[in-house]
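A.B. asks: The file below is coords-v3.cif, mmCIF, C-alpha atoms:
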```cif
data_protein
#
loop_
_atom_site.label_atom_id
_atom_site.label_comp_id
_atom_site.auth_asym_id
_atom_site.auth_seq_id
_atom_site.Cartn_x
_atom_site.Cartn_y
_atom_site.Cartn_z
CA MET A 1 36.14 153.47 93.80
CA ASN A 2 37.13 150.76 96.25
CA PRO A 3 40.68 149.65 95.24
CA ASN A 4 40.10 146.24 96.78
CA ARG A 5 36.99 145.51 94.75
CA SER A 6 37.48 142.89 92.08
CA LEU A 7 36.69 144.09 88.58
CA GLY A 8 36.04 140.53 87.43
CA PRO A 9 37.05 139.13 84.07
CA THR A 10 37.97 141.56 81.34
CA PRO A 11 36.04 140.59 78.20
CA TRP A 12 38.26 142.67 75.93
CA LEU A 13 41.27 140.51 76.65
CA PRO A 14 41.03 137.59 74.18
CA THR A 15 41.52 134.24 75.82
CA ALA A 16 42.13 130.88 74.24
CA PRO A 17 40.02 127.87 75.12
CA GLN A 18 41.26 126.12 78.22
CA GLY A 19 40.96 122.56 79.40
CA GLY A 20 38.22 120.65 77.63
CA VAL A 21 36.89 123.64 75.64
CA LYS A 22 37.54 123.20 71.91
CA CYS A 23 37.67 125.34 68.79
CA ARG A 24 34.38 125.12 66.94
CA GLU A 25 33.12 125.50 63.39
CA HIS A 26 36.19 125.44 61.18
CA MET A 27 36.91 123.94 57.81
CA LEU A 28 40.50 122.87 58.38
CA SER A 29 43.01 121.45 55.92
CA PHE A 30 46.55 120.33 56.66
CA ILE A 31 49.02 120.65 53.75
CA LEU A 32 51.92 118.32 54.54
CA ASP A 33 55.34 118.20 52.90
CA THR A 34 56.18 114.55 52.21
CA SER A 35 59.35 115.20 50.18
CA SER A 36 62.50 113.10 50.48
CA SER A 37 64.19 115.57 52.83
CA VAL A 38 61.56 114.83 55.49
CA GLY A 39 62.28 111.10 55.78
CA LYS A 40 60.06 108.33 57.11
CA GLU A 41 61.12 108.70 60.74
CA ASN A 42 60.40 112.42 60.83
CA PHE A 43 57.13 111.99 58.95
CA GLU A 44 55.96 109.73 61.76
CA LYS A 45 56.39 112.74 64.07
CA ILE A 46 54.28 114.82 61.67
CA ARG A 47 51.52 112.20 61.73
CA GLN A 48 51.47 112.29 65.52
CA TRP A 49 51.55 116.10 65.55
CA VAL A 50 48.50 116.29 63.29
CA SER A 51 46.71 113.70 65.41
CA ASN A 52 47.44 115.70 68.57
CA LEU A 53 46.50 119.08 67.09
CA VAL A 54 43.06 118.00 65.88
CA GLU A 55 42.15 117.29 69.51
CA SER A 56 41.78 121.07 69.81
CA PHE A 57 38.69 120.95 67.57
CA ASP A 58 35.11 119.85 68.01
CA VAL A 59 35.09 117.50 65.02
CA SER A 60 31.72 116.66 63.48
CA PRO A 61 29.85 117.40 60.24
CA GLU A 62 28.09 120.32 61.99
CA LYS A 63 31.19 121.78 63.73
CA THR A 64 34.74 121.29 62.41
CA ARG A 65 35.59 119.26 59.31
CA VAL A 66 39.18 118.21 58.62
CA ALA A 67 41.05 117.40 55.41
CA VAL A 68 44.67 116.48 54.64
CA VAL A 69 46.68 117.16 51.49
CA ARG A 70 50.14 115.62 51.14
CA TYR A 71 52.59 116.80 48.54
CA SER A 72 56.04 116.34 47.04
CA ASP A 73 56.30 116.30 43.21
CA ARG A 74 52.56 116.78 43.09
CA PRO A 75 49.77 117.25 45.64
CA THR A 76 47.32 114.48 46.54
CA THR A 77 44.23 114.43 48.71
CA GLU A 78 44.69 112.07 51.64
CA PHE A 79 41.10 112.69 52.75
CA ASN A 80 38.47 115.37 52.07
CA LEU A 81 36.53 117.53 54.50
CA ASP A 82 33.49 115.24 54.43
CA ARG A 83 35.36 111.94 54.76
CA HIS A 84 35.62 111.58 58.56
CA ARG A 85 32.79 112.49 60.90
CA THR A 86 34.34 112.08 64.37
CA LEU A 87 37.53 113.10 66.14
CA GLU A 88 38.65 109.51 66.58
CA ASP A 89 38.18 108.80 62.88
CA VAL A 90 40.31 111.85 61.99
CA LYS A 91 43.02 110.89 64.50
CA THR A 92 43.17 107.35 63.14
CA ALA A 93 43.39 108.63 59.56
CA ALA A 94 46.10 111.13 60.55
CA ARG A 95 48.24 108.36 62.02
CA ASN A 96 48.02 106.54 58.68
CA ILE A 97 48.87 109.35 56.26
CA ARG A 98 51.06 107.95 53.51
CA TYR A 99 54.64 109.12 53.06
CA ILE A 100 55.78 109.59 49.44
CA GLY A 101 59.22 111.17 49.04
CA GLY A 102 60.24 113.34 46.09
CA ASN A 103 60.58 117.09 45.43
CA THR A 104 59.01 120.08 47.22
CA MET A 105 56.35 121.78 45.09
CA THR A 106 54.75 123.89 47.79
CA GLY A 107 53.10 126.48 45.54
CA ASP A 108 51.35 123.75 43.58
CA ALA A 109 50.08 122.24 46.84
CA ILE A 110 48.59 125.57 47.96
CA SER A 111 46.82 126.03 44.61
CA TYR A 112 45.55 122.46 44.74
CA THR A 113 44.13 122.98 48.24
CA THR A 114 42.37 126.20 47.22
CA ASN A 115 40.81 124.64 44.12
CA ASN A 116 40.07 121.11 45.33
CA ILE A 117 39.65 121.01 49.10
CA PHE A 118 37.64 124.11 49.98
CA THR A 119 34.83 123.33 47.56
CA GLU A 120 31.29 122.24 48.35
CA ARG A 121 31.61 119.16 46.15
CA ASN A 122 34.44 117.94 48.43
CA GLY A 123 32.76 118.69 51.72
CA ALA A 124 33.27 122.41 52.34
CA ARG A 125 30.28 124.18 53.80
CA PRO A 126 28.83 127.17 51.88
CA THR A 127 30.77 130.42 52.21
CA ALA A 128 27.54 132.16 53.18
CA ARG A 129 27.68 130.32 56.51
CA GLY A 130 30.74 132.40 57.46
CA ILE A 131 32.68 129.40 58.78
CA GLN A 132 36.44 129.90 58.87
CA ARG A 133 38.46 128.23 56.13
CA VAL A 134 41.88 127.46 57.58
CA ALA A 135 44.91 125.73 56.10
CA ILE A 136 48.05 124.72 58.02
CA LEU A 137 51.04 124.13 55.77
CA LEU A 138 54.03 122.28 57.21
CA THR A 139 57.33 122.08 55.32
CA ASP A 140 60.98 121.42 56.06
CA GLY A 141 62.69 123.13 53.15
CA ARG A 142 62.77 125.54 50.27
CA SER A 143 60.00 125.26 47.72
CA GLN A 144 60.97 124.32 44.17
CA ASP A 145 58.22 126.51 42.78
CA TYR A 146 56.81 129.94 43.64
CA VAL A 147 54.52 130.28 46.65
CA LEU A 148 53.56 133.97 46.69
CA GLU A 149 50.91 134.03 43.96
CA PRO A 150 49.18 130.79 45.07
CA SER A 151 49.13 132.16 48.64
CA LYS A 152 47.56 135.43 47.47
CA LEU A 153 44.87 133.49 45.59
CA ALA A 154 44.21 131.35 48.68
CA ALA A 155 43.75 134.51 50.77
CA LYS A 156 41.45 135.95 48.10
CA ALA A 157 39.38 132.76 48.33
CA GLY A 158 38.94 133.38 52.07
CA ILE A 159 41.47 130.81 53.30
CA ARG A 160 43.42 131.75 56.41
CA MET A 161 46.89 130.28 55.89
CA PHE A 162 49.26 129.21 58.66
CA ALA A 163 52.85 128.34 57.72
CA VAL A 164 54.95 126.05 59.91
CA GLY A 165 58.60 125.74 58.89
CA ILE A 166 61.09 123.17 60.15
CA GLY A 167 64.87 123.34 59.94
CA GLU A 168 65.95 124.82 56.60
CA ALA A 169 62.53 126.16 55.62
CA LEU A 170 62.98 129.74 54.39
CA LYS A 171 61.53 132.53 56.51
CA VAL A 172 60.78 134.65 53.44
CA GLU A 173 58.71 131.84 51.90
CA LEU A 174 56.90 131.13 55.14
CA GLU A 175 55.95 134.80 55.37
CA GLU A 176 54.74 134.78 51.78
CA ILE A 177 52.46 131.87 52.69
CA GLY A 178 51.17 132.95 56.11
CA ALA A 179 48.22 135.29 56.55
CA GLU A 180 48.45 138.71 58.19
CA PRO A 181 49.61 139.49 60.82
CA LYS A 182 52.68 137.36 60.15
CA ASN A 183 53.63 136.93 63.80
CA ALA A 184 50.33 135.16 64.39
CA HIS A 185 50.43 132.91 61.32
CA VAL A 186 54.09 132.01 60.73
CA PHE A 187 55.99 129.55 62.93
CA HIS A 188 59.48 128.09 62.69
CA VAL A 189 61.25 125.39 64.71
CA THR A 190 64.77 124.03 64.48
CA ASP A 191 63.93 120.35 63.94
CA PHE A 192 61.12 117.79 63.93
CA ASN A 193 61.55 117.08 67.64
CA ALA A 194 60.48 120.67 68.36
CA ILE A 195 57.20 120.81 66.41
CA ASP A 196 55.16 119.75 69.41
CA LYS A 197 56.47 122.74 71.38
CA ILE A 198 54.53 125.18 69.19
CA ARG A 199 51.29 123.21 69.35
CA GLY A 200 49.88 125.26 72.23
CA ARG A 201 50.70 128.59 70.61
CA LEU A 202 49.33 127.46 67.25
CA ARG A 203 46.19 126.16 68.94
CA ARG A 204 45.55 129.56 70.54
CA ARG A 205 45.88 131.30 67.19
CA LEU A 206 43.64 128.78 65.48
CA CYS A 207 40.90 129.28 68.03
CA GLU A 208 40.92 133.06 67.63
CA SER A 209 38.61 134.80 65.22
CA LYS A 210 40.00 135.79 61.85
CA LEU A 211 42.62 138.46 62.46
CA THR A 212 43.63 141.56 60.57
CA THR A 213 46.49 143.95 61.16
CA GLY A 214 43.99 146.76 61.74
CA ARG A 215 42.18 144.85 64.45
CA TYR A 216 45.47 144.01 66.13
CA THR A 217 46.46 147.70 66.12
CA GLU A 218 43.11 148.85 67.51
CA THR A 219 43.09 146.14 70.16
CA PHE A 220 46.65 146.91 71.22
CA GLN A 221 45.91 150.64 71.48
CA PHE A 222 42.87 149.97 73.64
CA ILE A 223 44.78 147.54 75.84
CA PHE A 224 47.70 149.96 76.23
CA PHE A 225 45.41 152.84 77.19
CA THR A 226 43.52 150.73 79.72
CA CYS A 227 46.75 149.33 81.16
CA ALA A 228 48.16 152.83 81.51
CA GLN A 229 45.06 153.88 83.41
CA THR A 230 45.55 150.88 85.66
CA ILE A 231 49.15 151.87 86.46
CA PHE A 232 48.22 155.37 87.56
CA SER A 233 45.10 154.45 89.48
CA SER A 234 46.47 151.19 90.98
CA ILE A 235 42.95 149.85 90.84
CA ASN A 236 43.62 146.21 90.36
CA ASN A 237 46.94 144.35 90.31
CA ASN A 238 45.39 141.31 88.63
CA LEU A 239 44.16 143.45 85.74
CA TRP A 240 47.64 144.91 85.28
CA HIS A 241 49.22 141.46 85.19
CA ASN A 242 46.63 140.38 82.62
CA CYS A 243 47.54 143.41 80.50
CA LEU A 244 51.23 142.56 80.58
CA LYS A 245 50.57 138.91 79.82
CA TYR A 246 48.47 139.74 76.75
CA ILE A 247 50.89 142.37 75.40
CA LYS A 248 53.75 139.85 75.57
CA LYS A 249 51.89 137.34 73.36
#
```
Would you mind writing the file's structure down as structure tokens?
C.D. replies:
Amino acid sequence: MNPNRSLGPTPWLPTAPQGGVKCREHMLSFILDTSSSVGKENFEKIRQWVSNLVESFDVSPEKTRVAVVRYSDRPTTEFNLDRHRTLEDVKTAARNIRYIGGNTMTGDAISYTTNNIFTERNGARPTARGIQRVAILLTDGRSQDYVLEPSKLAAKAGIRMFAVGIGEALKVELEEIGAEPKNAHVFHVTDFNAIDKIRGRLRRRLCESKLTTGRYTETFQFIFFTCAQTIFSSINNNLWHNCLKYIKK
């Protein structure tokens, strides 16, 4: 084999959409903590974060539909999956999400989202279509109710949960909420000024297919074996660098 010959792109290395390419065909719900500990100033940063993140999706009735649930003492639908039909409509609505104040009933909000958002009567597409059901929960503190059982029921209903914690949010609760593997679905930042720093990483995970621990293990084993072959044969330096880059993710 000619060591200088390019092997071209490696299809087994998952890559996230770049540039103008967007995630397609999701049913996406944000679950936003609007309790008193968040505060109006910080909630403005959450509004902007949601507005920025939805730019990663091809929003339309046929592609990605977006909903928002806000919660404190009780959860409330800000808008359902079938309410807004374009990206600009969703961004405008996101910038106008109402702030409430109150307690932090996160478990109740997860149950509410499972039972009221991802339903056909509120704009969810039929499960037979195989379209991903994804929820991104963002909170800044400890829940005042239990989150484990509602999160298990959400997973059983086919909802892929992401948990984003800010400041004093508890790691153990975030991990109870987030889907497997935890390192792909659980995020934590120190304060509200840092939430935009994880947007790129979260976007990459959102755009991936539904993940399981088993698939991660199989993929890693295959990557490691192929990378090891590359080391000993010195076939292609670019391939080796791609291997290292993916393993570090």
A.B. asks: On this structure, the PyMOL selection byres ((chain A and resi 51) around 10) would catch which residues? List them as a PyMOL selection string, sorted by chain and number.
C.D. replies: chain A and resi 45-50+52-56+87-88+90-96
A.B. asks: For a test of reading the model, state the distance in Å between atom CA of A:Ser60 and atom CA of A:Arg24, rounded to one decimal.
C.D. replies: 9.5 Å
A.B. asks: To test your reading of the syntax: which residues would the PyMOL selection byres ((chain A and resi 144) around 6) return for the file shown? Reply as an MDAnalysis selection string.
C.D. replies: chainID A and resid 104:105 143 145
A.B. asks: Write the residues of the preceding selection, restricted to C-alpha atoms, as a PDB file, in the coordinates of the input.
C.D. replies:
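Dumped everything to selection.pdb:
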```pdb
ATOM      1  CA  THR A 104      59.010 120.080  47.220  1.00  0.00           C
ATOM      2  CA  MET A 105      56.350 121.780  45.090  1.00  0.00           C
ATOM      3  CA  SER A 143      60.000 125.260  47.720  1.00  0.00           C
ATOM      4  CA  ASP A 145      58.220 126.510  42.780  1.00  0.00           C
TER       5      ASP A 145
END
```
A.B. asks: I need the residue set behind the PyMOL selection byres ((chain A and resi 107) around 7) for this file; please write it as a list in words.
C.D. replies: Met105, Thr106, Asp108, Ala109, Ile110, Ser111, Asp145, Tyr146, Val147 and Pro150 of chain A
A.B. asks: How would the residues just picked look written out with C-alpha atoms as a CSV table (one decimal), in the frame of the given file?
C.D. replies:
```
chain,number,residue,atom,x,y,z
A,105,MET,CA,56.4,121.8,45.1
A,106,THR,CA,54.8,123.9,47.8
A,108,ASP,CA,51.4,123.8,43.6
A,109,ALA,CA,50.1,122.2,46.8
A,110,ILE,CA,48.6,125.6,48.0
A,111,SER,CA,46.8,126.0,44.6
A,145,ASP,CA,58.2,126.5,42.8
A,146,TYR,CA,56.8,129.9,43.6
A,147,VAL,CA,54.5,130.3,46.6
A,150,PRO,CA,49.2,130.8,45.1
```
A.B. asks: Go ahead and compute the interatomic distance for atom CA of A:Pro181 and atom CA of A:Leu202, in Å to one decimal.
C.D. replies: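 Separation between atom CA of A:Pro181 and atom CA of A:Leu202: 13.6 Å.
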A.B. asks: For atom CA of A:Asn183 and atom CA of A:Gly167, determine how far apart the two atoms are, in Å to one decimal place.
C.D. replies: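 Answer for the atom CA of A:Asn183 to atom CA of A:Gly167 separation: 18.1 Å.
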A.B. asks: Within 12 Å of A:Asp140, counting only C-alpha atoms, which residues show up once you throw out same-chain ones fewer than 4 positions away? Write them as a PyMOL selection string, please.
C.D. replies: chain A and resi 32-39+42-43+46+72+103-106+163-171+173-174+187-192+195
A.B. asks: Pick out the residues sitting within 12 Å of stretch 131-135 of chain A, and hand them over as a ChimeraX atom specification; count all atoms listed in the file, and ignore anything fewer than 2 positions along from it in its own chain.
C.D. replies: /A:23-32,62-69,81,109-114,117-119,123-129,137-138,151,154-164,177-179,185,205-211
A.B. asks: Please determine, counting all atoms listed in the file, which residue among A:Gly101, A:Asp82, A:Pro75, A:Glu180 has the shortest atom-to-atom distance to A:Glu120.
C.D. replies: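 The shortest atom-to-atom distance to A:Glu120 comes from A:Asp82.
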A.B. asks: Give the answer as one residue: which of A:Glu175, A:Asp58, A:Glu41, A:Asp73 has the shortest atom-to-atom distance to A:Arg85, using only C-alpha atoms?
C.D. replies: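 Nearest to A:Arg85: A:Asp58.
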